[in-house]
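Below is the file entry31.cif, which contains mmCIF, C-alpha atoms.
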data_protein
#
loop_
_atom_site.group_PDB
_atom_site.id
_atom_site.type_symbol
_atom_site.label_atom_id
_atom_site.label_comp_id
_atom_site.auth_asym_id
_atom_site.auth_seq_id
_atom_site.Cartn_x
_atom_site.Cartn_y
_atom_site.Cartn_z
ATOM 1 C CA MET A 99 -24.087 -20.233 -3.072
ATOM 2 C CA ILE A 100 -24.685 -17.207 -5.287
ATOM 3 C CA LYS A 101 -23.819 -17.545 -8.945
ATOM 4 C CA THR A 102 -23.562 -14.545 -11.251
ATOM 5 C CA VAL A 103 -23.913 -14.957 -14.985
ATOM 6 C CA LEU A 104 -22.807 -12.092 -17.210
ATOM 7 C CA THR A 105 -23.354 -11.480 -20.866
ATOM 8 C CA ASP A 106 -21.121 -9.360 -23.061
ATOM 9 C CA GLY A 107 -23.830 -6.711 -23.419
ATOM 10 C CA ASP A 108 -24.635 -6.411 -19.711
ATOM 11 C CA THR A 109 -22.710 -3.222 -18.946
ATOM 12 C CA SER A 110 -24.402 -2.557 -15.588
ATOM 13 C CA SER A 111 -23.172 -5.881 -14.231
ATOM 14 C CA ASN A 112 -19.725 -5.321 -15.721
ATOM 15 C CA ASN A 113 -19.563 -1.855 -14.132
ATOM 16 C CA SER A 114 -20.636 -3.297 -10.784
ATOM 17 C CA LEU A 115 -17.917 -5.919 -10.960
ATOM 18 C CA LEU A 116 -15.330 -3.292 -11.878
ATOM 19 C CA SER A 117 -16.469 -1.136 -8.962
ATOM 20 C CA LEU A 118 -16.227 -4.095 -6.602
ATOM 21 C CA GLN A 119 -12.778 -4.986 -7.924
ATOM 22 C CA THR A 120 -11.629 -1.370 -7.490
ATOM 23 C CA LEU A 121 -12.969 -1.296 -3.929
ATOM 24 C CA LEU A 122 -11.223 -4.562 -3.049
ATOM 25 C CA THR A 123 -7.957 -3.308 -4.545
ATOM 26 C CA GLU A 124 -8.194 -0.052 -2.603
ATOM 27 C CA ASN A 125 -8.897 -1.929 0.634
ATOM 28 C CA ASN A 126 -5.926 -4.205 0.001
ATOM 29 C CA ASN A 127 -3.681 -1.195 -0.682
ATOM 30 C CA LEU A 128 -4.816 0.453 2.560
ATOM 31 C CA GLU A 129 -4.069 -2.740 4.468
ATOM 32 C CA ILE A 130 -0.587 -2.948 2.950
ATOM 33 C CA GLU A 131 0.022 0.738 3.674
ATOM 34 C CA GLY A 132 -0.846 0.081 7.306
ATOM 35 C CA GLN A 133 1.521 -2.880 7.475
ATOM 36 C CA VAL A 134 4.400 -0.939 5.921
ATOM 37 C CA TYR A 135 3.836 2.104 8.137
ATOM 38 C CA GLN A 136 3.654 -0.044 11.275
ATOM 39 C CA TYR A 137 6.830 -1.889 10.271
ATOM 40 C CA LEU A 138 8.675 1.379 9.717
ATOM 41 C CA GLN A 139 7.417 2.790 13.031
ATOM 42 C CA GLN A 140 8.950 -0.195 14.821
ATOM 43 C CA SER A 141 12.262 0.000 12.983
ATOM 44 C CA THR A 142 14.928 2.639 12.603
ATOM 45 C CA GLY A 143 14.100 2.884 8.926
ATOM 46 C CA ALA A 144 14.411 0.349 6.160
ATOM 47 C CA ARG A 145 15.352 -0.045 2.516
ATOM 48 C CA VAL A 146 12.847 -1.228 -0.080
ATOM 49 C CA SER A 147 14.355 -4.715 -0.142
ATOM 50 C CA GLU A 148 14.153 -5.000 3.657
ATOM 51 C CA ILE A 149 10.464 -4.049 3.601
ATOM 52 C CA GLU A 150 9.769 -6.573 0.829
ATOM 53 C CA ILE A 151 11.406 -9.401 2.751
ATOM 54 C CA ALA A 152 9.901 -8.516 6.127
ATOM 55 C CA LEU A 153 6.335 -8.214 4.810
ATOM 56 C CA GLY A 154 6.403 -10.666 1.896
ATOM 57 C CA LEU A 155 5.595 -8.024 -0.710
ATOM 58 C CA ASN A 156 6.780 -7.751 -4.282
ATOM 59 C CA ARG A 157 8.698 -4.748 -5.642
ATOM 60 C CA VAL A 158 5.676 -3.169 -7.354
ATOM 61 C CA GLN A 159 3.502 -3.370 -4.236
ATOM 62 C CA THR A 160 6.273 -1.986 -2.066
ATOM 63 C CA THR A 161 7.177 0.951 -4.295
ATOM 64 C CA ASN A 162 3.508 1.870 -4.858
ATOM 65 C CA VAL A 163 2.825 1.884 -1.128
ATOM 66 C CA LEU A 164 5.994 3.836 -0.326
ATOM 67 C CA ARG A 165 5.114 6.475 -2.942
ATOM 68 C CA SER A 166 1.632 6.791 -1.504
ATOM 69 C CA LEU A 167 2.853 7.105 2.088
ATOM 70 C CA LEU A 168 5.501 9.648 1.051
ATOM 71 C CA LYS A 169 2.893 11.705 -0.792
ATOM 72 C CA GLN A 170 0.587 11.623 2.247
ATOM 73 C CA GLY A 171 3.421 12.786 4.499
ATOM 74 C CA TYR A 172 3.717 9.614 6.605
ATOM 75 C CA LEU A 173 7.262 8.770 5.497
ATOM 76 C CA LYS A 174 10.542 10.520 4.973
ATOM 77 C CA GLN A 175 13.288 9.234 2.694
ATOM 78 C CA GLN A 176 16.915 9.609 3.746
ATOM 79 C CA ASP A 177 19.340 8.228 1.204
ATOM 80 C CA ASN A 178 17.954 4.781 0.382
ATOM 81 C CA ARG A 179 16.070 4.326 3.684
ATOM 82 C CA PHE A 180 12.458 5.129 4.515
ATOM 83 C CA LEU A 181 11.513 6.416 7.967
ATOM 84 C CA ALA A 182 8.083 6.758 9.557
ATOM 85 C CA VAL A 183 7.239 10.310 10.588
ATOM 86 C CA GLN A 184 4.403 12.001 12.396
ATOM 87 C CA LYS A 185 1.929 13.672 10.065
ATOM 88 C CA GLU A 186 3.605 17.055 10.625
ATOM 89 C CA GLY A 187 6.870 15.660 9.217
ATOM 90 C CA GLU A 188 8.753 15.065 12.466
ATOM 91 C CA LEU A 189 10.589 11.801 12.924
ATOM 92 C CA ILE A 190 9.018 9.311 15.300
#

Transcribe the structure of this file into structure tokens.
Amino acid sequence: MIKTVLTDGDTSSNNSLLSLQTLLTENNNLEIEGQVYQYLQQSTGARVSEIEIALGLNRVQTTNVLRSLLKQGYLKQQDNRFLAVQKEGELI
């Protein structure tokens, strides 16, 4: 077992822990993005609440992921439903 002891003045260790935490958060976000995109590919579109229930996500996670996927061009929003699209913007 590895045990890390930090002191308040040890900024290099604190920075390393922050970098690790950021990396883990980014990996988790990518995993959730993949789950949401795959779910939407298999459906005929879904509302935020449907995605939350189907994948067990909370509202903040779901809206953050949907915003990211929209910005990247992987989703299209029609009314209150989100649809998976090919990267060029065509519906799947």

*List the residues matched by the PyMOL selection byres ((chain A and resi 172) around 12) in the displayed structure as a count of residues only, ordered by chain and then by residue number.*
30

*Between CA of Glu129 (chain A) and CA of Gln176 (chain A), measure the distance and give it in Å to one decimal.*
24.4 Å

*asked:* Residues within 12 Å of (9.7, -5.2, 0.7), file coordinates, counting only C-alpha atoms: what are they? Give the list as an MDAnalysis selection string.
replied: chainID A and resid 130:131 133:135 137:138 144:164 179:180
